[in-house]
Amino acid sequence: QVQLVESGGGLVQAGGSLRLSCAASGLTFSVFAMGWFRQAPGKEREFVATIMRRASSTSYADSVKGRFTISRDNAKNTVYLQMNTLKPGDTAVYFCAAAHDDYSPSYYYTRRTRYNYWGQGTQVTVSS
């Protein structure tokens, strides 16, 4: 049974930082692309970042580029999202997701429908 468990969310002031973690189990982590999505109240779930099985290949939403960094540790079956210079507009529930990586270009993995497995989410609240 595949499980993705997010952690690291919380309340932070604008300009602050948080690091989210997502621990995966029940899958061969090294062959999966891992993504982060977020959903604010009343809005659609949107893409944030993704990292391919080749960890050198990543993609980011324009809204977070230069502020957020996605990384992975295959030995720990964990993906991370380092979030710096947080803004109130970053407030959302953040979800981790896994998609089998068939070596398609990373932009394919910006789509929600590409992902097979999802975590339950972790709340990030940025106060002004």
# chains A, B, ... in the order shown; residues from 1 in each chain; ligands from 1
>>> residues_around(residues="segment 53-61 of chain A", least_positions_apart="5", cutoff="10 Å", atoms="only C-alpha atoms", output="PyMOL selection string")
chain A and resi 29-37+46-48+66-74+99-103+105-110
>>> select_by_dssp(residues="segment 18-113 of chain A", states="helix (DSSP H, G or I)", output="VMD selection string")
chain A and resid 29 to 31 88 to 90 106 to 110 112 to 113
>>> write_last_selection(atoms="all heavy atoms", output="mmCIF file, in the first residue's frame")
data_model
loop_
_atom_site.group_PDB
_atom_site.id
_atom_site.type_symbol
_atom_site.label_atom_id
_atom_site.label_comp_id
_atom_site.auth_asym_id
_atom_site.auth_seq_id
_atom_site.Cartn_x
_atom_site.Cartn_y
_atom_site.Cartn_z
ATOM 1 N N PHE A 29 10.651 4.161 -4.781
ATOM 2 C CA PHE A 29 10.733 5.623 -4.800
ATOM 3 C C PHE A 29 11.617 6.141 -5.929
ATOM 4 O O PHE A 29 11.285 7.138 -6.579
ATOM 5 C CB PHE A 29 11.276 6.098 -3.449
ATOM 6 C CG PHE A 29 11.324 7.587 -3.275
ATOM 7 C CD1 PHE A 29 10.167 8.303 -2.995
ATOM 8 C CD2 PHE A 29 12.521 8.277 -3.374
ATOM 9 C CE1 PHE A 29 10.203 9.676 -2.827
ATOM 10 C CE2 PHE A 29 12.575 9.642 -3.211
ATOM 11 C CZ PHE A 29 11.411 10.351 -2.931
ATOM 12 N N SER A 30 12.718 5.465 -6.203
ATOM 13 C CA SER A 30 13.711 5.984 -7.145
ATOM 14 C C SER A 30 13.207 6.051 -8.585
ATOM 15 O O SER A 30 13.822 6.730 -9.415
ATOM 16 C CB SER A 30 14.983 5.141 -7.081
ATOM 17 O OG SER A 30 14.702 3.806 -7.439
ATOM 18 N N VAL A 31 12.094 5.358 -8.909
ATOM 19 C CA VAL A 31 11.593 5.392 -10.283
ATOM 20 C C VAL A 31 10.378 6.305 -10.427
ATOM 21 O O VAL A 31 9.725 6.326 -11.460
ATOM 22 C CB VAL A 31 11.270 3.983 -10.824
ATOM 23 C CG1 VAL A 31 12.499 3.101 -10.756
ATOM 24 C CG2 VAL A 31 10.092 3.364 -10.106
ATOM 25 N N PRO A 88 1.974 35.950 1.852
ATOM 26 C CA PRO A 88 0.611 35.530 2.228
ATOM 27 C C PRO A 88 -0.083 34.728 1.133
ATOM 28 O O PRO A 88 -0.868 33.826 1.428
ATOM 29 C CB PRO A 88 -0.086 36.862 2.501
ATOM 30 C CG PRO A 88 1.018 37.754 2.983
ATOM 31 C CD PRO A 88 2.217 37.367 2.154
ATOM 32 N N GLY A 89 0.226 35.019 -0.116
ATOM 33 C CA GLY A 89 -0.355 34.285 -1.236
ATOM 34 C C GLY A 89 0.091 32.843 -1.329
ATOM 35 O O GLY A 89 -0.485 32.067 -2.100
ATOM 36 N N ASP A 90 1.095 32.451 -0.550
ATOM 37 C CA ASP A 90 1.534 31.060 -0.513
ATOM 38 C C ASP A 90 0.699 30.227 0.457
ATOM 39 O O ASP A 90 0.873 29.003 0.528
ATOM 40 C CB ASP A 90 3.000 30.977 -0.091
ATOM 41 C CG ASP A 90 3.938 31.606 -1.105
ATOM 42 O OD1 ASP A 90 3.730 31.414 -2.323
ATOM 43 O OD2 ASP A 90 4.885 32.310 -0.682
ATOM 44 N N SER A 106 10.058 17.033 -18.063
ATOM 45 C CA SER A 106 9.546 17.412 -16.742
ATOM 46 C C SER A 106 8.260 18.221 -16.823
ATOM 47 O O SER A 106 7.430 18.150 -15.903
ATOM 48 C CB SER A 106 10.620 18.186 -15.963
ATOM 49 O OG SER A 106 10.980 19.370 -16.648
ATOM 50 N N TYR A 107 8.036 18.960 -17.899
ATOM 51 C CA TYR A 107 6.813 19.771 -17.947
ATOM 52 C C TYR A 107 5.556 18.906 -17.997
ATOM 53 O O TYR A 107 4.469 19.358 -17.673
ATOM 54 C CB TYR A 107 6.835 20.781 -19.097
ATOM 55 C CG TYR A 107 6.874 20.215 -20.490
ATOM 56 C CD1 TYR A 107 5.731 19.716 -21.111
ATOM 57 C CD2 TYR A 107 8.060 20.196 -21.211
ATOM 58 C CE1 TYR A 107 5.777 19.199 -22.391
ATOM 59 C CE2 TYR A 107 8.118 19.679 -22.498
ATOM 60 C CZ TYR A 107 6.971 19.185 -23.083
ATOM 61 O OH TYR A 107 7.019 18.682 -24.356
ATOM 62 N N TYR A 108 5.683 17.639 -18.417
ATOM 63 C CA TYR A 108 4.535 16.722 -18.384
ATOM 64 C C TYR A 108 4.052 16.526 -16.953
ATOM 65 O O TYR A 108 2.886 16.234 -16.726
ATOM 66 C CB TYR A 108 4.930 15.363 -18.956
ATOM 67 C CG TYR A 108 4.927 15.273 -20.452
ATOM 68 C CD1 TYR A 108 5.352 16.331 -21.241
ATOM 69 C CD2 TYR A 108 4.511 14.117 -21.107
ATOM 70 C CE1 TYR A 108 5.361 16.236 -22.628
ATOM 71 C CE2 TYR A 108 4.523 14.015 -22.483
ATOM 72 C CZ TYR A 108 4.941 15.074 -23.235
ATOM 73 O OH TYR A 108 4.949 14.967 -24.596
ATOM 74 N N TYR A 109 4.953 16.676 -16.019
ATOM 75 C CA TYR A 109 4.647 16.387 -14.628
ATOM 76 C C TYR A 109 4.160 17.620 -13.877
ATOM 77 O O TYR A 109 4.109 17.631 -12.656
ATOM 78 C CB TYR A 109 5.867 15.753 -13.948
ATOM 79 C CG TYR A 109 6.191 14.415 -14.541
ATOM 80 C CD1 TYR A 109 7.055 14.317 -15.631
ATOM 81 C CD2 TYR A 109 5.616 13.250 -14.054
ATOM 82 C CE1 TYR A 109 7.323 13.096 -16.221
ATOM 83 C CE2 TYR A 109 5.888 12.019 -14.628
ATOM 84 C CZ TYR A 109 6.741 11.954 -15.714
ATOM 85 O OH TYR A 109 7.000 10.748 -16.293
ATOM 86 N N THR A 110 3.798 18.642 -14.598
ATOM 87 C CA THR A 110 3.139 19.786 -13.987
ATOM 88 C C THR A 110 1.627 19.580 -13.934
ATOM 89 O O THR A 110 0.914 20.388 -13.348
ATOM 90 C CB THR A 110 3.453 21.078 -14.754
ATOM 91 O OG1 THR A 110 2.884 20.999 -16.058
ATOM 92 C CG2 THR A 110 4.961 21.308 -14.864
ATOM 93 N N ARG A 112 -1.801 17.677 -12.785
ATOM 94 C CA ARG A 112 -2.303 16.839 -11.700
ATOM 95 C C ARG A 112 -2.608 15.421 -12.158
ATOM 96 O O ARG A 112 -2.370 14.455 -11.432
ATOM 97 C CB ARG A 112 -3.578 17.444 -11.110
ATOM 98 C CG ARG A 112 -3.366 18.644 -10.230
ATOM 99 C CD ARG A 112 -4.674 19.030 -9.581
ATOM 100 N NE ARG A 112 -5.719 19.297 -10.540
ATOM 101 C CZ ARG A 112 -6.990 19.479 -10.210
ATOM 102 N NH1 ARG A 112 -7.363 19.392 -8.953
ATOM 103 N NH2 ARG A 112 -7.886 19.734 -11.127
ATOM 104 N N THR A 113 -3.133 15.323 -13.364
ATOM 105 C CA THR A 113 -3.584 14.012 -13.849
ATOM 106 C C THR A 113 -2.429 13.044 -14.089
ATOM 107 O O THR A 113 -2.663 11.853 -14.281
ATOM 108 C CB THR A 113 -4.382 14.183 -15.149
ATOM 109 O OG1 THR A 113 -3.582 14.911 -16.090
ATOM 110 C CG2 THR A 113 -5.681 14.915 -14.897
#
>>> closest_atom_pairs(of="segment 50-88 of chain A", to="segment 7-22 of chain A", cutoff="9 Å", atoms="only C-alpha atoms", output="Markdown table")
| residue | atom | partner | partner_atom | distance |
| --- | --- | --- | --- | --- |
| A:Asn77 | CA | A:Cys22 | CA | 8.4 |
| A:Thr78 | CA | A:Cys22 | CA | 5.4 |
| A:Val79 | CA | A:Cys22 | CA | 5.2 |
| A:Tyr80 | CA | A:Ser21 | CA | 4.5 |
| A:Leu81 | CA | A:Leu20 | CA | 5.0 |
| A:Gln82 | CA | A:Arg19 | CA | 4.4 |
| A:Met83 | CA | A:Leu18 | CA | 5.3 |
| A:Asn84 | CA | A:Ser17 | CA | 4.4 |
| A:Thr85 | CA | A:Gly15 | CA | 4.2 |
| A:Leu86 | CA | A:Gly15 | CA | 4.9 |
| A:Lys87 | CA | A:Ala14 | CA | 5.0 |
| A:Pro88 | CA | A:Ala14 | CA | 6.3 |
>>> write_last_selection(atoms="N, CA and C atoms", output="PDB file, in the first residue's frame")
ATOM      1  N   ASN A  77      13.775   7.803   0.862  1.00  0.00           N
ATOM      2  CA  ASN A  77      12.427   7.806   0.250  1.00  0.00           C
ATOM      3  C   ASN A  77      11.659   9.077   0.604  1.00  0.00           C
ATOM      4  N   THR A  78      12.347  10.189   0.522  1.00  0.00           N
ATOM      5  CA  THR A  78      11.764  11.452   0.962  1.00  0.00           C
ATOM      6  C   THR A  78      12.016  12.554  -0.066  1.00  0.00           C
ATOM      7  N   VAL A  79      11.001  13.380  -0.263  1.00  0.00           N
ATOM      8  CA  VAL A  79      11.129  14.572  -1.094  1.00  0.00           C
ATOM      9  C   VAL A  79      10.887  15.782  -0.210  1.00  0.00           C
ATOM     10  N   TYR A  80      11.592  16.856  -0.519  1.00  0.00           N
ATOM     11  CA  TYR A  80      11.538  18.072   0.296  1.00  0.00           C
ATOM     12  C   TYR A  80      11.108  19.266  -0.561  1.00  0.00           C
ATOM     13  N   LEU A  81      10.538  20.250   0.104  1.00  0.00           N
ATOM     14  CA  LEU A  81      10.266  21.527  -0.543  1.00  0.00           C
ATOM     15  C   LEU A  81      10.733  22.624   0.409  1.00  0.00           C
ATOM     16  N   GLN A  82      11.846  23.247   0.065  1.00  0.00           N
ATOM     17  CA  GLN A  82      12.351  24.380   0.843  1.00  0.00           C
ATOM     18  C   GLN A  82      11.675  25.634   0.326  1.00  0.00           C
ATOM     19  N   MET A  83      10.991  26.329   1.215  1.00  0.00           N
ATOM     20  CA  MET A  83      10.227  27.510   0.825  1.00  0.00           C
ATOM     21  C   MET A  83      10.806  28.722   1.543  1.00  0.00           C
ATOM     22  N   ASN A  84      11.329  29.643   0.773  1.00  0.00           N
ATOM     23  CA  ASN A  84      11.921  30.871   1.321  1.00  0.00           C
ATOM     24  C   ASN A  84      11.117  32.084   0.875  1.00  0.00           C
ATOM     25  N   THR A  85      11.334  33.186   1.556  1.00  0.00           N
ATOM     26  CA  THR A  85      10.670  34.458   1.237  1.00  0.00           C
ATOM     27  C   THR A  85       9.175  34.236   1.036  1.00  0.00           C
ATOM     28  N   LEU A  86       8.564  33.606   2.001  1.00  0.00           N
ATOM     29  CA  LEU A  86       7.140  33.263   1.889  1.00  0.00           C
ATOM     30  C   LEU A  86       6.274  34.506   1.883  1.00  0.00           C
ATOM     31  N   LYS A  87       5.177  34.399   1.144  1.00  0.00           N
ATOM     32  CA  LYS A  87       4.221  35.497   1.003  1.00  0.00           C
ATOM     33  C   LYS A  87       2.849  35.029   1.463  1.00  0.00           C
ATOM     34  N   PRO A  88       1.974  35.950   1.852  1.00  0.00           N
ATOM     35  CA  PRO A  88       0.611  35.530   2.228  1.00  0.00           C
ATOM     36  C   PRO A  88      -0.083  34.728   1.133  1.00  0.00           C
TER      37      PRO A  88
END
>>> atom_distance(atom1="atom CA of Ser104 of chain A", atom2="atom CA of Gly119 of chain A")
22.8 Å
>>> residues_around(residues="Gly121 of chain A", least_positions_apart="5", cutoff="7 Å", atoms="only C-alpha atoms", output="count of residues only")
5
>>> closest_residue(among="A:Ala75, A:Ala98, A:Val124, A:Ala23", to="Ala49 of chain A", atoms="only C-alpha atoms")
A:Ala98
>>> decode(residues="segment 11-22 of chain A", atoms="all heavy atoms", output="PDB file, in the first residue's frame")
ATOM      1  N   LEU A  11       2.587  27.861  10.738  1.00  0.00           N
ATOM      2  CA  LEU A  11       2.328  29.293  10.616  1.00  0.00           C
ATOM      3  C   LEU A  11       3.652  30.042  10.614  1.00  0.00           C
ATOM      4  O   LEU A  11       4.509  29.813  11.489  1.00  0.00           O
ATOM      5  CB  LEU A  11       1.458  29.756  11.785  1.00  0.00           C
ATOM      6  CG  LEU A  11       1.209  31.251  11.918  1.00  0.00           C
ATOM      7  CD1 LEU A  11       0.415  31.772  10.725  1.00  0.00           C
ATOM      8  CD2 LEU A  11       0.478  31.548  13.229  1.00  0.00           C
ATOM      9  N   VAL A  12       3.819  30.926   9.648  1.00  0.00           N
ATOM     10  CA  VAL A  12       5.067  31.686   9.542  1.00  0.00           C
ATOM     11  C   VAL A  12       4.743  33.097   9.073  1.00  0.00           C
ATOM     12  O   VAL A  12       3.736  33.315   8.380  1.00  0.00           O
ATOM     13  CB  VAL A  12       6.044  30.983   8.568  1.00  0.00           C
ATOM     14  CG1 VAL A  12       5.480  30.937   7.160  1.00  0.00           C
ATOM     15  CG2 VAL A  12       7.419  31.619   8.597  1.00  0.00           C
ATOM     16  N   GLN A  13       5.571  34.042   9.449  1.00  0.00           N
ATOM     17  CA  GLN A  13       5.362  35.423   8.995  1.00  0.00           C
ATOM     18  C   GLN A  13       5.893  35.588   7.567  1.00  0.00           C
ATOM     19  O   GLN A  13       6.787  34.852   7.130  1.00  0.00           O
ATOM     20  CB  GLN A  13       6.086  36.389   9.919  1.00  0.00           C
ATOM     21  CG  GLN A  13       5.428  36.550  11.284  1.00  0.00           C
ATOM     22  CD  GLN A  13       6.040  37.692  12.082  1.00  0.00           C
ATOM     23  OE1 GLN A  13       7.218  37.991  11.954  1.00  0.00           O
ATOM     24  NE2 GLN A  13       5.212  38.326  12.902  1.00  0.00           N
ATOM     25  N   ALA A  14       5.333  36.559   6.888  1.00  0.00           N
ATOM     26  CA  ALA A  14       5.798  36.874   5.540  1.00  0.00           C
ATOM     27  C   ALA A  14       7.303  37.142   5.566  1.00  0.00           C
ATOM     28  O   ALA A  14       7.809  37.805   6.476  1.00  0.00           O
ATOM     29  CB  ALA A  14       5.059  38.084   4.996  1.00  0.00           C
ATOM     30  N   GLY A  15       7.988  36.594   4.574  1.00  0.00           N
ATOM     31  CA  GLY A  15       9.439  36.712   4.509  1.00  0.00           C
ATOM     32  C   GLY A  15      10.174  35.554   5.152  1.00  0.00           C
ATOM     33  O   GLY A  15      11.388  35.410   4.979  1.00  0.00           O
ATOM     34  N   GLY A  16       9.444  34.731   5.883  1.00  0.00           N
ATOM     35  CA  GLY A  16      10.046  33.597   6.566  1.00  0.00           C
ATOM     36  C   GLY A  16      10.210  32.389   5.667  1.00  0.00           C
ATOM     37  O   GLY A  16       9.932  32.442   4.456  1.00  0.00           O
ATOM     38  N   SER A  17      10.656  31.290   6.279  1.00  0.00           N
ATOM     39  CA  SER A  17      10.938  30.053   5.547  1.00  0.00           C
ATOM     40  C   SER A  17      10.319  28.853   6.251  1.00  0.00           C
ATOM     41  O   SER A  17      10.121  28.870   7.471  1.00  0.00           O
ATOM     42  CB  SER A  17      12.452  29.829   5.451  1.00  0.00           C
ATOM     43  OG  SER A  17      13.085  30.863   4.738  1.00  0.00           O
ATOM     44  N   LEU A  18      10.029  27.845   5.452  1.00  0.00           N
ATOM     45  CA  LEU A  18       9.598  26.540   5.957  1.00  0.00           C
ATOM     46  C   LEU A  18      10.180  25.480   5.046  1.00  0.00           C
ATOM     47  O   LEU A  18      10.410  25.734   3.850  1.00  0.00           O
ATOM     48  CB  LEU A  18       8.066  26.409   5.947  1.00  0.00           C
ATOM     49  CG  LEU A  18       7.251  27.078   7.043  1.00  0.00           C
ATOM     50  CD1 LEU A  18       5.760  26.930   6.733  1.00  0.00           C
ATOM     51  CD2 LEU A  18       7.573  26.518   8.407  1.00  0.00           C
ATOM     52  N   ARG A  19      10.388  24.300   5.591  1.00  0.00           N
ATOM     53  CA  ARG A  19      10.780  23.159   4.766  1.00  0.00           C
ATOM     54  C   ARG A  19       9.764  22.046   4.959  1.00  0.00           C
ATOM     55  O   ARG A  19       9.584  21.558   6.082  1.00  0.00           O
ATOM     56  CB  ARG A  19      12.180  22.652   5.094  1.00  0.00           C
ATOM     57  CG  ARG A  19      12.636  21.583   4.104  1.00  0.00           C
ATOM     58  CD  ARG A  19      14.070  21.157   4.271  1.00  0.00           C
ATOM     59  NE  ARG A  19      14.239  20.098   5.243  1.00  0.00           N
ATOM     60  CZ  ARG A  19      15.193  19.174   5.185  1.00  0.00           C
ATOM     61  NH1 ARG A  19      16.081  19.205   4.200  1.00  0.00           N
ATOM     62  NH2 ARG A  19      15.290  18.259   6.117  1.00  0.00           N
ATOM     63  N   LEU A  20       9.110  21.673   3.872  1.00  0.00           N
ATOM     64  CA  LEU A  20       8.171  20.561   3.895  1.00  0.00           C
ATOM     65  C   LEU A  20       8.907  19.272   3.541  1.00  0.00           C
ATOM     66  O   LEU A  20       9.835  19.282   2.729  1.00  0.00           O
ATOM     67  CB  LEU A  20       7.041  20.796   2.896  1.00  0.00           C
ATOM     68  CG  LEU A  20       6.256  22.081   3.037  1.00  0.00           C
ATOM     69  CD1 LEU A  20       5.114  22.118   2.013  1.00  0.00           C
ATOM     70  CD2 LEU A  20       5.732  22.281   4.435  1.00  0.00           C
ATOM     71  N   SER A  21       8.457  18.192   4.146  1.00  0.00           N
ATOM     72  CA  SER A  21       8.987  16.866   3.831  1.00  0.00           C
ATOM     73  C   SER A  21       7.827  15.956   3.448  1.00  0.00           C
ATOM     74  O   SER A  21       6.697  16.152   3.913  1.00  0.00           O
ATOM     75  CB  SER A  21       9.706  16.268   5.038  1.00  0.00           C
ATOM     76  OG  SER A  21      10.788  17.070   5.442  1.00  0.00           O
ATOM     77  N   CYS A  22       8.124  14.985   2.626  1.00  0.00           N
ATOM     78  CA  CYS A  22       7.134  13.976   2.248  1.00  0.00           C
ATOM     79  C   CYS A  22       7.829  12.633   2.252  1.00  0.00           C
ATOM     80  O   CYS A  22       8.716  12.385   1.423  1.00  0.00           O
ATOM     81  CB  CYS A  22       6.549  14.286   0.883  1.00  0.00           C
ATOM     82  SG  CYS A  22       5.496  12.963   0.209  1.00  0.00           S
TER      83      CYS A  22
END
